[in-house]
>>> print(open('protein.cif').read())   # mmCIF, C-alpha atoms (C1' of nucleotides)
data_entry
#
loop_
_atom_site.label_atom_id
_atom_site.label_comp_id
_atom_site.auth_asym_id
_atom_site.auth_seq_id
_atom_site.Cartn_x
_atom_site.Cartn_y
_atom_site.Cartn_z
CA MET A 1 -13.44 -0.21 -1.16
CA THR A 2 -16.59 -0.66 -2.92
CA ILE A 3 -17.37 -4.20 -2.07
CA ILE A 4 -19.12 -6.83 -3.98
CA GLU A 5 -22.43 -6.11 -5.57
CA PRO A 6 -25.53 -8.07 -4.60
CA GLU A 7 -26.74 -9.62 -7.83
CA GLY A 8 -27.47 -7.08 -10.47
CA THR A 9 -26.05 -4.01 -8.79
CA PRO A 10 -23.65 -2.54 -11.31
CA ILE A 11 -19.95 -2.40 -10.47
CA SER A 12 -19.09 0.81 -8.66
CA VAL A 13 -17.76 3.79 -10.54
CA GLY A 14 -14.90 3.75 -8.03
CA VAL A 15 -13.67 0.32 -9.03
CA LEU A 16 -14.24 1.24 -12.66
CA MET A 17 -11.72 4.03 -12.15
CA LEU A 18 -9.26 1.84 -10.33
CA ILE A 19 -9.03 -0.71 -13.12
CA PRO A 20 -7.61 1.57 -15.82
CA TYR A 21 -5.48 3.40 -13.29
CA ARG A 22 -3.77 0.22 -12.22
CA HIS A 23 -3.24 -0.80 -15.79
CA MET A 24 -1.52 2.48 -16.59
CA GLU A 25 0.47 2.48 -13.38
CA GLN A 26 1.90 -0.93 -14.05
CA ARG A 27 2.80 -0.29 -17.65
CA VAL A 28 4.39 3.07 -16.92
CA LEU A 29 6.40 1.66 -14.03
CA ALA A 30 7.52 -1.28 -16.15
CA ALA A 31 8.71 1.12 -18.85
CA VAL A 32 10.64 3.23 -16.34
CA VAL A 33 12.28 0.20 -14.79
CA ALA A 34 13.12 -1.22 -18.22
CA ALA A 35 14.84 2.08 -19.03
CA GLY A 36 17.25 1.51 -16.17
CA HIS A 37 15.52 3.27 -13.30
CA PRO A 38 14.86 0.57 -10.72
CA ILE A 39 12.28 2.38 -8.63
CA THR A 40 9.51 0.65 -6.73
CA LEU A 41 5.76 1.13 -6.99
CA ALA A 42 5.57 2.85 -3.62
CA GLN A 43 8.36 5.25 -4.58
CA ALA A 44 6.65 5.97 -7.89
CA ARG A 45 3.38 6.77 -6.16
CA VAL A 46 5.05 9.44 -4.13
CA PHE A 47 7.20 10.63 -7.00
CA GLN A 48 4.23 11.15 -9.30
CA ARG A 49 2.75 13.63 -6.85
CA LEU A 50 5.83 15.87 -6.82
CA ASP A 51 5.24 19.38 -8.00
CA ALA A 52 7.59 20.66 -10.71
CA GLY A 53 8.54 23.61 -8.50
CA GLY A 54 9.33 21.43 -5.50
CA SER A 55 7.05 20.00 -2.84
CA ARG A 56 7.12 19.91 0.92
CA LEU A 57 7.06 16.57 2.58
CA THR A 58 3.83 17.26 4.41
CA GLU A 59 2.06 18.28 1.21
CA LEU A 60 3.35 15.21 -0.54
CA ALA A 61 2.24 12.95 2.26
CA ARG A 62 -1.25 14.38 2.16
CA ALA A 63 -1.47 14.10 -1.61
CA ALA A 64 -0.26 10.51 -1.59
CA GLN A 65 -2.46 9.76 1.43
CA VAL A 66 0.23 8.35 3.68
CA THR A 67 1.79 9.60 6.89
CA LYS A 68 4.65 12.04 6.63
CA GLN A 69 6.91 9.37 8.08
CA ALA A 70 6.04 6.99 5.26
CA ALA A 71 6.52 9.71 2.67
CA GLY A 72 9.81 10.69 4.31
CA PHE A 73 11.04 7.13 4.14
CA LEU A 74 10.27 6.86 0.43
CA VAL A 75 11.76 10.26 -0.33
CA ASP A 76 14.93 9.19 1.51
CA GLU A 77 15.19 6.24 -0.83
CA LEU A 78 14.54 8.34 -3.92
CA GLU A 79 17.13 10.83 -2.71
CA ARG A 80 19.74 8.14 -2.10
CA ALA A 81 19.08 6.82 -5.62
CA GLY A 82 19.52 10.34 -7.03
CA TYR A 83 16.02 11.02 -8.32
CA VAL A 84 15.18 13.87 -5.96
CA GLU A 85 17.02 16.31 -3.74
CA ARG A 86 16.02 18.31 -0.70
CA VAL A 87 16.76 22.00 -0.58
CA ALA A 88 15.96 24.53 2.11
CA ASP A 89 12.64 26.30 1.64
CA PRO A 90 13.40 30.04 1.55
CA ARG A 91 9.93 30.81 2.84
CA ASP A 92 9.96 28.61 5.90
CA GLY A 93 12.97 27.66 7.96
CA ARG A 94 11.43 24.42 9.15
CA ALA A 95 10.58 23.16 5.71
CA ARG A 96 12.61 21.73 2.87
CA LEU A 97 11.57 21.48 -0.74
CA ILE A 98 11.81 18.14 -2.45
CA ARG A 99 12.86 18.70 -6.03
CA ILE A 100 13.36 16.45 -9.02
CA THR A 101 16.98 16.10 -10.13
CA PRO A 102 18.20 15.76 -13.73
CA ARG A 103 18.30 12.00 -13.24
CA GLY A 104 14.75 12.17 -11.94
CA ARG A 105 13.72 14.07 -15.03
CA GLU A 106 15.14 11.31 -17.22
CA ALA A 107 12.79 8.89 -15.52
CA VAL A 108 9.93 11.34 -15.92
CA ALA A 109 10.59 11.57 -19.63
CA VAL A 110 10.41 7.81 -20.04
CA ALA A 111 7.22 7.70 -17.98
CA LEU A 112 5.65 10.42 -20.04
CA VAL A 113 6.25 8.63 -23.31
CA GLU A 114 4.61 5.46 -22.05
CA GLN A 115 1.80 7.40 -20.48
CA GLN A 116 1.05 9.13 -23.74
CA ARG A 117 1.14 5.85 -25.58
CA ILE A 118 -1.49 4.45 -23.23
CA GLU A 119 -3.66 7.54 -23.40
CA ALA A 120 -3.51 7.29 -27.18
CA GLU A 121 -4.74 3.70 -26.97
CA TRP A 122 -7.58 4.82 -24.77
CA GLU A 123 -8.47 7.58 -27.15
CA ARG A 124 -8.51 5.14 -30.04
CA HIS A 125 -10.89 2.95 -28.10
CA LEU A 126 -13.22 5.70 -26.93
CA GLY A 127 -12.97 8.17 -29.74
CA ALA A 128 -11.81 11.77 -29.46
CA ARG A 129 -15.06 13.23 -28.24
CA ARG A 130 -15.66 10.77 -25.43
CA SER A 131 -12.00 10.92 -24.39
CA ALA A 132 -12.14 14.66 -24.01
CA GLU A 133 -15.40 14.42 -22.13
CA LEU A 134 -13.92 11.74 -19.82
CA ARG A 135 -11.05 14.01 -18.91
CA ARG A 136 -13.35 16.93 -18.29
CA SER A 137 -15.61 14.88 -16.05
CA LEU A 138 -12.68 13.57 -14.05
CA GLU A 139 -11.32 17.08 -13.65
CA ALA A 140 -14.71 18.20 -12.41
CA LEU A 141 -14.80 15.31 -9.96
CA ARG A 142 -11.41 16.30 -8.69
CA GLU A 143 -12.90 19.52 -7.42
CA ILE A 144 -14.93 17.66 -4.85
CA THR A 145 -12.63 14.72 -4.13
CA ASP A 146 -9.05 15.98 -4.07
CA PRO A 147 -7.87 16.78 -0.56
CA TRP A 148 -4.80 18.35 -2.13
CA ILE A 149 -6.50 21.21 -3.93
CA MET B 1 2.74 6.13 -11.91
CA THR B 2 2.23 9.01 -14.09
CA ILE B 3 4.88 11.29 -12.84
CA ILE B 4 5.02 15.00 -12.67
CA GLU B 5 4.18 17.06 -15.69
CA PRO B 6 6.76 19.36 -17.22
CA GLU B 7 5.12 22.76 -17.12
CA GLY B 8 1.87 22.87 -18.95
CA THR B 9 1.42 19.17 -19.60
CA PRO B 10 -2.02 18.37 -18.22
CA ILE B 11 -2.32 15.96 -15.31
CA SER B 12 -2.65 12.41 -16.52
CA VAL B 13 -6.03 10.79 -16.90
CA GLY B 14 -4.64 8.01 -14.73
CA VAL B 15 -4.06 10.22 -11.72
CA LEU B 16 -7.39 11.89 -12.39
CA MET B 17 -9.00 8.50 -11.91
CA LEU B 18 -7.01 7.70 -8.81
CA ILE B 19 -8.09 10.82 -6.96
CA PRO B 20 -11.84 10.10 -6.84
CA TYR B 21 -11.20 6.41 -6.28
CA ARG B 22 -9.14 7.06 -3.19
CA HIS B 23 -11.71 9.49 -1.90
CA MET B 24 -14.44 6.90 -2.22
CA GLU B 25 -12.30 4.11 -0.85
CA GLN B 26 -11.49 6.03 2.29
CA ARG B 27 -15.01 7.17 2.98
CA VAL B 28 -16.50 3.74 2.38
CA LEU B 29 -13.92 2.07 4.58
CA ALA B 30 -14.46 4.64 7.32
CA ALA B 31 -18.21 3.96 7.21
CA VAL B 32 -17.69 0.21 7.42
CA VAL B 33 -15.28 0.55 10.34
CA ALA B 34 -17.61 2.98 12.10
CA ALA B 35 -20.38 0.39 11.78
CA GLY B 36 -18.33 -2.02 13.86
CA HIS B 37 -16.41 -3.93 11.20
CA PRO B 38 -12.75 -3.25 11.93
CA ILE B 39 -11.31 -4.33 8.61
CA THR B 40 -8.16 -2.88 7.10
CA LEU B 41 -7.66 -1.19 3.76
CA ALA B 42 -5.69 -4.12 2.37
CA GLN B 43 -8.41 -6.54 3.44
CA ALA B 44 -11.06 -4.33 1.89
CA ARG B 45 -9.23 -4.19 -1.41
CA VAL B 46 -9.34 -7.94 -1.68
CA PHE B 47 -12.84 -8.18 -0.29
CA GLN B 48 -14.26 -5.78 -2.86
CA ARG B 49 -13.14 -8.05 -5.65
CA LEU B 50 -15.02 -11.09 -4.34
CA ASP B 51 -17.62 -12.46 -6.65
CA ALA B 52 -21.10 -12.96 -5.19
CA GLY B 53 -21.04 -16.61 -6.20
CA GLY B 54 -17.65 -17.22 -4.61
CA SER B 55 -14.16 -16.65 -5.93
CA ARG B 56 -11.06 -18.73 -6.18
CA LEU B 57 -7.95 -17.43 -4.52
CA THR B 58 -5.99 -17.30 -7.74
CA GLU B 59 -8.70 -15.30 -9.49
CA LEU B 60 -8.92 -12.94 -6.57
CA ALA B 61 -5.18 -12.43 -6.49
CA ARG B 62 -5.10 -11.61 -10.16
CA ALA B 63 -8.02 -9.20 -9.89
CA ALA B 64 -6.50 -7.42 -6.90
CA GLN B 65 -3.08 -7.51 -8.56
CA VAL B 66 -1.19 -9.15 -5.75
CA THR B 67 0.44 -12.56 -5.42
CA LYS B 68 -1.73 -15.45 -4.37
CA GLN B 69 0.28 -15.62 -1.15
CA ALA B 70 -0.64 -12.03 -0.30
CA ALA B 71 -4.27 -12.65 -1.18
CA GLY B 72 -4.22 -15.83 0.88
CA PHE B 73 -2.87 -13.98 3.88
CA LEU B 74 -5.61 -11.36 3.71
CA VAL B 75 -8.33 -13.95 3.13
CA ASP B 76 -7.05 -15.82 6.19
CA GLU B 77 -7.55 -12.70 8.25
CA LEU B 78 -11.01 -12.04 6.81
CA GLU B 79 -11.91 -15.65 7.48
CA ARG B 80 -10.70 -15.50 11.08
CA ALA B 81 -12.77 -12.35 11.56
CA GLY B 82 -15.81 -14.11 10.11
CA TYR B 83 -16.35 -12.11 6.94
CA VAL B 84 -15.65 -14.89 4.47
CA GLU B 85 -15.52 -18.66 4.46
CA ARG B 86 -13.79 -21.20 2.28
CA VAL B 87 -15.76 -24.07 0.86
CA ALA B 88 -14.62 -26.85 -1.42
CA ASP B 89 -15.10 -26.14 -5.10
CA PRO B 90 -17.26 -28.95 -6.48
CA ARG B 91 -15.72 -28.49 -9.92
CA ASP B 92 -12.08 -28.75 -8.92
CA GLY B 93 -10.66 -30.74 -6.06
CA ARG B 94 -7.64 -28.48 -5.71
CA ALA B 95 -9.61 -25.29 -5.45
CA ARG B 96 -11.73 -23.75 -2.73
CA LEU B 97 -14.33 -21.07 -3.18
CA ILE B 98 -14.09 -18.00 -0.99
CA ARG B 99 -17.59 -16.89 -0.11
CA ILE B 100 -19.02 -13.99 1.80
CA THR B 101 -20.66 -14.94 5.10
CA PRO B 102 -23.76 -13.30 6.60
CA ARG B 103 -21.47 -11.12 8.71
CA GLY B 104 -19.61 -10.19 5.55
CA ARG B 105 -22.86 -9.23 3.91
CA GLU B 106 -23.62 -6.88 6.79
CA ALA B 107 -20.39 -5.06 6.03
CA VAL B 108 -21.24 -5.04 2.33
CA ALA B 109 -24.59 -3.46 3.07
CA VAL B 110 -22.98 -0.65 5.02
CA ALA B 111 -20.42 -0.13 2.28
CA LEU B 112 -23.10 -0.03 -0.37
CA VAL B 113 -25.04 2.68 1.38
CA GLU B 114 -22.00 4.90 1.68
CA GLN B 115 -20.96 4.15 -1.88
CA GLN B 116 -24.34 5.18 -3.18
CA ARG B 117 -24.25 8.34 -1.13
CA ILE B 118 -20.93 9.26 -2.74
CA GLU B 119 -22.08 8.38 -6.23
CA ALA B 120 -25.12 10.57 -5.66
CA GLU B 121 -22.84 13.46 -4.71
CA TRP B 122 -20.86 12.92 -7.86
CA GLU B 123 -23.99 12.83 -9.93
CA ARG B 124 -25.17 16.08 -8.37
CA HIS B 125 -21.86 17.64 -9.29
CA LEU B 126 -21.67 16.33 -12.84
CA GLY B 127 -25.31 16.12 -13.77
CA ALA B 128 -27.19 13.01 -14.81
CA ARG B 129 -26.09 12.98 -18.43
CA ARG B 130 -22.38 13.35 -17.80
CA SER B 131 -22.50 10.86 -14.94
CA ALA B 132 -24.03 8.22 -17.14
CA GLU B 133 -21.52 8.97 -19.86
CA LEU B 134 -18.65 8.73 -17.36
CA ARG B 135 -19.76 5.28 -16.32
CA ARG B 136 -20.13 4.16 -19.91
CA SER B 137 -16.68 5.41 -20.82
CA LEU B 138 -15.10 3.69 -17.83
CA GLU B 139 -16.87 0.47 -18.69
CA ALA B 140 -15.55 0.74 -22.23
CA LEU B 141 -12.05 1.33 -20.90
CA ARG B 142 -12.36 -1.73 -18.75
CA GLU B 143 -12.56 -3.81 -21.90
CA ILE B 144 -8.97 -2.99 -22.75
CA THR B 145 -7.49 -2.61 -19.28
CA ASP B 146 -8.97 -5.26 -17.00
CA PRO B 147 -6.78 -8.33 -16.75
CA TRP B 148 -9.64 -10.04 -14.98
CA ILE B 149 -12.11 -10.09 -17.83
"C1'" DC C 1 6.49 41.53 22.33
"C1'" DC C 2 6.28 37.11 24.17
"C1'" DA C 3 3.89 32.85 25.84
"C1'" DA C 4 1.07 29.35 23.79
"C1'" DA C 5 -0.34 26.78 20.10
"C1'" DT C 6 0.54 25.14 15.52
"C1'" DT C 7 3.21 23.31 11.80
"C1'" DG C 8 7.22 20.91 9.29
"C1'" DG C 9 10.05 17.46 9.96
"C1'" DT C 10 12.84 13.59 12.18
"C1'" DC C 11 13.96 9.41 15.19
"C1'" DA C 12 12.77 4.95 16.91
"C1'" DA C 13 10.19 0.86 17.29
"C1'" DG C 14 6.88 -2.18 15.91
"C1'" DT C 15 3.05 -3.95 12.76
"C1'" DT C 16 1.10 -5.01 8.47
"C1'" DC C 17 1.53 -6.15 3.94
"C1'" DT C 18 3.73 -8.33 0.18
"C1'" DT C 19 7.13 -10.88 -2.15
"C1'" DT C 20 10.34 -14.85 -3.55
"C1'" DG C 21 11.11 -19.66 -3.36
"C1'" DA C 22 10.01 -24.31 -2.53
"C1'" DC C 23 6.59 -27.60 -2.19
"C1'" DT C 24 1.95 -30.84 -2.29
"C1'" DA C 25 -2.22 -32.39 -4.44
"C1'" DG C 26 -5.45 -32.57 -8.02
"C1'" DA C 27 -6.46 -31.83 -13.07
"C1'" DA C 28 -5.55 -31.69 -17.94
"C1'" DT C 29 -2.79 -33.26 -21.96
"C1'" DG C 30 -1.17 -36.51 -25.07
"C1'" DC D 1 -0.28 -43.68 -17.56
"C1'" DA D 2 3.69 -40.11 -17.59
"C1'" DT D 3 4.14 -35.37 -18.14
"C1'" DT D 4 2.85 -30.89 -17.55
"C1'" DC D 5 0.04 -27.51 -15.64
"C1'" DT D 6 -2.84 -25.25 -12.12
"C1'" DA D 7 -4.68 -24.26 -7.19
"C1'" DG D 8 -3.12 -23.57 -3.07
"C1'" DT D 9 -0.02 -23.69 1.20
"C1'" DC D 10 4.28 -23.10 4.14
"C1'" DA D 11 8.18 -20.48 5.49
"C1'" DA D 12 11.17 -16.68 5.63
"C1'" DA D 13 12.59 -12.35 4.39
"C1'" DG D 14 11.96 -7.75 2.86
"C1'" DA D 15 9.21 -3.54 1.79
"C1'" DA D 16 5.96 -0.37 3.21
"C1'" DC D 17 3.56 1.88 6.65
"C1'" DT D 18 1.94 3.20 11.37
"C1'" DT D 19 1.94 5.05 16.20
"C1'" DG D 20 4.22 7.79 19.54
"C1'" DA D 21 7.58 10.94 21.12
"C1'" DC D 22 10.16 14.66 20.10
"C1'" DC D 23 12.74 19.27 18.34
"C1'" DA D 24 12.85 23.57 15.89
"C1'" DA D 25 10.67 27.28 13.39
"C1'" DT D 26 6.43 29.81 12.66
"C1'" DT D 27 2.07 31.81 13.70
"C1'" DT D 28 -1.44 33.44 16.93
"C1'" DG D 29 -3.45 36.21 20.35
"C1'" DG D 30 -3.29 38.59 24.53
#
>>> encode(input="protein.cif", output="structure tokens")
Amino acid sequence: MTIIEPEGTPISVGVLMLIPYRHMEQRVLAAVVAAGHPITLAQARVFQRLDAGGSRLTELARAAQVTKQAAGFLVDELERAGYVERVADPRDGRARLIRITPRGREAVAVALVEQQRIEAEWERHLGARRSAELRRSLEALREITDPWI
Amino acid sequence: MTIIEPEGTPISVGVLMLIPYRHMEQRVLAAVVAAGHPITLAQARVFQRLDAGGSRLTELARAAQVTKQAAGFLVDELERAGYVERVADPRDGRARLIRITPRGREAVAVALVEQQRIEAEWERHLGARRSAELRRSLEALREITDPWI
DNA sequence: CCAAATTGGTCAAGTTCTTTGACTAGAATG
DNA sequence: CATTCTAGTCAAAGAACTTGACCAATTTGG
């Protein structure tokens, strides 16, 4: 939400971030689907927030900014399709860790290739110096905007 | 979609953009709602893409990356709530321009204040030089990622 | 140590959002 | 003009997401 600008007000930095994000999201998802992994956008948005060592549902829900019920629903679907599995969390009897399966990692590999292709395009457009600076600035911004950290 | 990183791969620039965007989106929406404008996130996402001079539904749908039916549904709701109106497009008998009403502009004003507050926080965190550079880089990226332009 | 409060997760039901498909009316093309 | 394209709507179904109630395991504090 950044709403329309009254004549002359520049477009918000927020929307300026959303535009490339959406572009990447769509292309990466299209590549994954084309590679034979018919996942949906909503599933992908949860999936992309999974930690390599396994994530708890509550964590995941907070990171993806949805309720735990919504996250649970999407994880159920991903589990049924074989992309993730739930294993008991040894540290907490209530919790279960959601982990990426080998099939899930295949999808990740495809996503990563497309993602790197896009980042390379961006780097060509911005130049190496500005690209690196962009990443650093975004990482710095994450410190004050990521509820997950 | 950027998917989890296999050990050591840095988090994607895409997700790094999404994190601050979501933060801003939520705070701005919360401010607008608190000011007595009970709009939803989906409505806001369409609303924020409205052009000050009026937008066509098809344009809006493309900018917000949803079908024109979805955009139409949300515009219907915003219209019923008095935030936008549809007027005939003098240039095209098929089209109608979606315009922000005075009530809509009240909501915009509230949003703008909160948005500027957040951007000021970001600028404090990054410093003036890096903030300006961040905006410039994102604007440059828009050139190759915005389907709207 | 145990009662109370908190946290992780599920079940159920309903709402909101979004899509696919089919269609009408006006505009552009040739 | 006839054809093709574009703007938008209607209808129906499906996907995504929420609120509310609940259970079991963990943590807290007396």
>>> closest_atom_pairs(input="protein.cif", of="chain B", to="chain D", cutoff="8 Å", atoms="all atoms listed in the file", output="tab-separated table")
residue	atom	partner	partner_atom	distance
B:Leu57	CA	D:DG8	C1'	7.9
B:Thr58	CA	D:DA7	C1'	7.1
B:Arg94	CA	D:DA7	C1'	5.4
B:Ala95	CA	D:DA7	C1'	5.3
>>> interface_residues(input="protein.cif", of="chain B", to="chain C", cutoff="12 Å", atoms="all atoms listed in the file", output="ChimeraX atom specification")
/B:40-43,61,65-74,77,89,91-95
>>> resolve_selection(input="protein.cif", expression="the PyMOL selection byres ((chain A) within 8 of (chain B))", output="compact mmCIF listing (two decimals) with C-alpha atoms, in the coordinates of the input")
# COMPACT_ATOMS: atom_id res chain seq x y z
CA MET A 1 -13.44 -0.21 -1.16
CA THR A 2 -16.59 -0.66 -2.92
CA ILE A 3 -17.37 -4.20 -2.07
CA ILE A 4 -19.12 -6.83 -3.98
CA GLU A 5 -22.43 -6.11 -5.57
CA PRO A 6 -25.53 -8.07 -4.60
CA GLU A 7 -26.74 -9.62 -7.83
CA SER A 12 -19.09 0.81 -8.66
CA VAL A 13 -17.76 3.79 -10.54
CA GLY A 14 -14.90 3.75 -8.03
CA VAL A 15 -13.67 0.32 -9.03
CA LEU A 16 -14.24 1.24 -12.66
CA MET A 17 -11.72 4.03 -12.15
CA LEU A 18 -9.26 1.84 -10.33
CA ILE A 19 -9.03 -0.71 -13.12
CA PRO A 20 -7.61 1.57 -15.82
CA TYR A 21 -5.48 3.40 -13.29
CA HIS A 23 -3.24 -0.80 -15.79
CA MET A 24 -1.52 2.48 -16.59
CA GLU A 25 0.47 2.48 -13.38
CA GLN A 26 1.90 -0.93 -14.05
CA VAL A 28 4.39 3.07 -16.92
CA LEU A 29 6.40 1.66 -14.03
CA LEU A 41 5.76 1.13 -6.99
CA ALA A 44 6.65 5.97 -7.89
CA ARG A 45 3.38 6.77 -6.16
CA PHE A 47 7.20 10.63 -7.00
CA GLN A 48 4.23 11.15 -9.30
CA ARG A 49 2.75 13.63 -6.85
CA LEU A 50 5.83 15.87 -6.82
CA ASP A 51 5.24 19.38 -8.00
CA ALA A 52 7.59 20.66 -10.71
CA VAL A 108 9.93 11.34 -15.92
CA ALA A 111 7.22 7.70 -17.98
CA LEU A 112 5.65 10.42 -20.04
CA GLN A 115 1.80 7.40 -20.48
CA GLU A 119 -3.66 7.54 -23.40
CA TRP A 122 -7.58 4.82 -24.77
CA HIS A 125 -10.89 2.95 -28.10
CA LEU A 126 -13.22 5.70 -26.93
CA ARG A 130 -15.66 10.77 -25.43
CA LEU A 134 -13.92 11.74 -19.82
CA ARG A 135 -11.05 14.01 -18.91
CA SER A 137 -15.61 14.88 -16.05
CA LEU A 138 -12.68 13.57 -14.05
CA GLU A 139 -11.32 17.08 -13.65
CA ALA A 140 -14.71 18.20 -12.41
CA LEU A 141 -14.80 15.31 -9.96
CA ARG A 142 -11.41 16.30 -8.69
CA THR A 145 -12.63 14.72 -4.13
CA ASP A 146 -9.05 15.98 -4.07
>>> resolve_selection(input="protein.cif", expression="the PyMOL selection byres ((chain A and resi 97) around 8)", output="ChimeraX atom specification")
/A:54-57,86-89,95-96,98-99
>>> atom_distance(input="protein.cif", atom1="CA of Val113 (chain B)", atom2="CA of Ala35 (chain B)")
11.6 Å
>>> atom_distance(input="protein.cif", atom1="CA of His37 (chain A)", atom2="CA of Leu60 (chain A)")
21.3 Å
>>> build_atoms(input="protein.cif", residues="region 101-119 of chain B", atoms="N, CA and C atoms", output="PDB file, in the frame of the given file")
ATOM      1  N   THR B 101     -19.770 -14.421   4.062  1.00  0.00           N
ATOM      2  CA  THR B 101     -20.660 -14.940   5.100  1.00  0.00           C
ATOM      3  C   THR B 101     -21.752 -13.915   5.393  1.00  0.00           C
ATOM      4  N   PRO B 102     -22.736 -14.291   6.208  1.00  0.00           N
ATOM      5  CA  PRO B 102     -23.760 -13.300   6.600  1.00  0.00           C
ATOM      6  C   PRO B 102     -23.125 -12.059   7.231  1.00  0.00           C
ATOM      7  N   ARG B 103     -22.157 -12.274   8.112  1.00  0.00           N
ATOM      8  CA  ARG B 103     -21.470 -11.120   8.710  1.00  0.00           C
ATOM      9  C   ARG B 103     -20.795 -10.256   7.640  1.00  0.00           C
ATOM     10  N   GLY B 104     -20.225 -10.921   6.654  1.00  0.00           N
ATOM     11  CA  GLY B 104     -19.610 -10.190   5.550  1.00  0.00           C
ATOM     12  C   GLY B 104     -20.641  -9.372   4.804  1.00  0.00           C
ATOM     13  N   ARG B 105     -21.826  -9.954   4.654  1.00  0.00           N
ATOM     14  CA  ARG B 105     -22.860  -9.230   3.910  1.00  0.00           C
ATOM     15  C   ARG B 105     -23.358  -8.010   4.668  1.00  0.00           C
ATOM     16  N   GLU B 106     -23.287  -8.075   6.004  1.00  0.00           N
ATOM     17  CA  GLU B 106     -23.620  -6.880   6.790  1.00  0.00           C
ATOM     18  C   GLU B 106     -22.669  -5.744   6.429  1.00  0.00           C
ATOM     19  N   ALA B 107     -21.395  -6.078   6.368  1.00  0.00           N
ATOM     20  CA  ALA B 107     -20.390  -5.060   6.030  1.00  0.00           C
ATOM     21  C   ALA B 107     -20.625  -4.530   4.610  1.00  0.00           C
ATOM     22  N   VAL B 108     -20.962  -5.445   3.712  1.00  0.00           N
ATOM     23  CA  VAL B 108     -21.240  -5.040   2.330  1.00  0.00           C
ATOM     24  C   VAL B 108     -22.395  -4.051   2.283  1.00  0.00           C
ATOM     25  N   ALA B 109     -23.411  -4.334   3.078  1.00  0.00           N
ATOM     26  CA  ALA B 109     -24.590  -3.460   3.070  1.00  0.00           C
ATOM     27  C   ALA B 109     -24.224  -2.052   3.498  1.00  0.00           C
ATOM     28  N   VAL B 110     -23.419  -1.965   4.547  1.00  0.00           N
ATOM     29  CA  VAL B 110     -22.980  -0.650   5.020  1.00  0.00           C
ATOM     30  C   VAL B 110     -22.166   0.058   3.936  1.00  0.00           C
ATOM     31  N   ALA B 111     -21.280  -0.698   3.318  1.00  0.00           N
ATOM     32  CA  ALA B 111     -20.420  -0.130   2.280  1.00  0.00           C
ATOM     33  C   ALA B 111     -21.258   0.398   1.122  1.00  0.00           C
ATOM     34  N   LEU B 112     -22.271  -0.391   0.775  1.00  0.00           N
ATOM     35  CA  LEU B 112     -23.100  -0.030  -0.370  1.00  0.00           C
ATOM     36  C   LEU B 112     -23.848   1.271  -0.136  1.00  0.00           C
ATOM     37  N   VAL B 113     -24.325   1.445   1.065  1.00  0.00           N
ATOM     38  CA  VAL B 113     -25.040   2.680   1.380  1.00  0.00           C
ATOM     39  C   VAL B 113     -24.129   3.884   1.216  1.00  0.00           C
ATOM     40  N   GLU B 114     -22.929   3.777   1.766  1.00  0.00           N
ATOM     41  CA  GLU B 114     -22.000   4.900   1.680  1.00  0.00           C
ATOM     42  C   GLU B 114     -21.583   5.139   0.227  1.00  0.00           C
ATOM     43  N   GLN B 115     -21.352   4.039  -0.473  1.00  0.00           N
ATOM     44  CA  GLN B 115     -20.960   4.150  -1.880  1.00  0.00           C
ATOM     45  C   GLN B 115     -22.027   4.878  -2.688  1.00  0.00           C
ATOM     46  N   GLN B 116     -23.271   4.538  -2.428  1.00  0.00           N
ATOM     47  CA  GLN B 116     -24.340   5.180  -3.180  1.00  0.00           C
ATOM     48  C   GLN B 116     -24.486   6.650  -2.805  1.00  0.00           C
ATOM     49  N   ARG B 117     -24.207   6.942  -1.548  1.00  0.00           N
ATOM     50  CA  ARG B 117     -24.250   8.340  -1.130  1.00  0.00           C
ATOM     51  C   ARG B 117     -23.206   9.144  -1.922  1.00  0.00           C
ATOM     52  N   ILE B 118     -22.007   8.568  -2.030  1.00  0.00           N
ATOM     53  CA  ILE B 118     -20.930   9.260  -2.740  1.00  0.00           C
ATOM     54  C   ILE B 118     -21.253   9.391  -4.227  1.00  0.00           C
ATOM     55  N   GLU B 119     -21.747   8.314  -4.804  1.00  0.00           N
ATOM     56  CA  GLU B 119     -22.080   8.380  -6.230  1.00  0.00           C
ATOM     57  C   GLU B 119     -23.179   9.421  -6.479  1.00  0.00           C
TER      58      GLU B 119
END
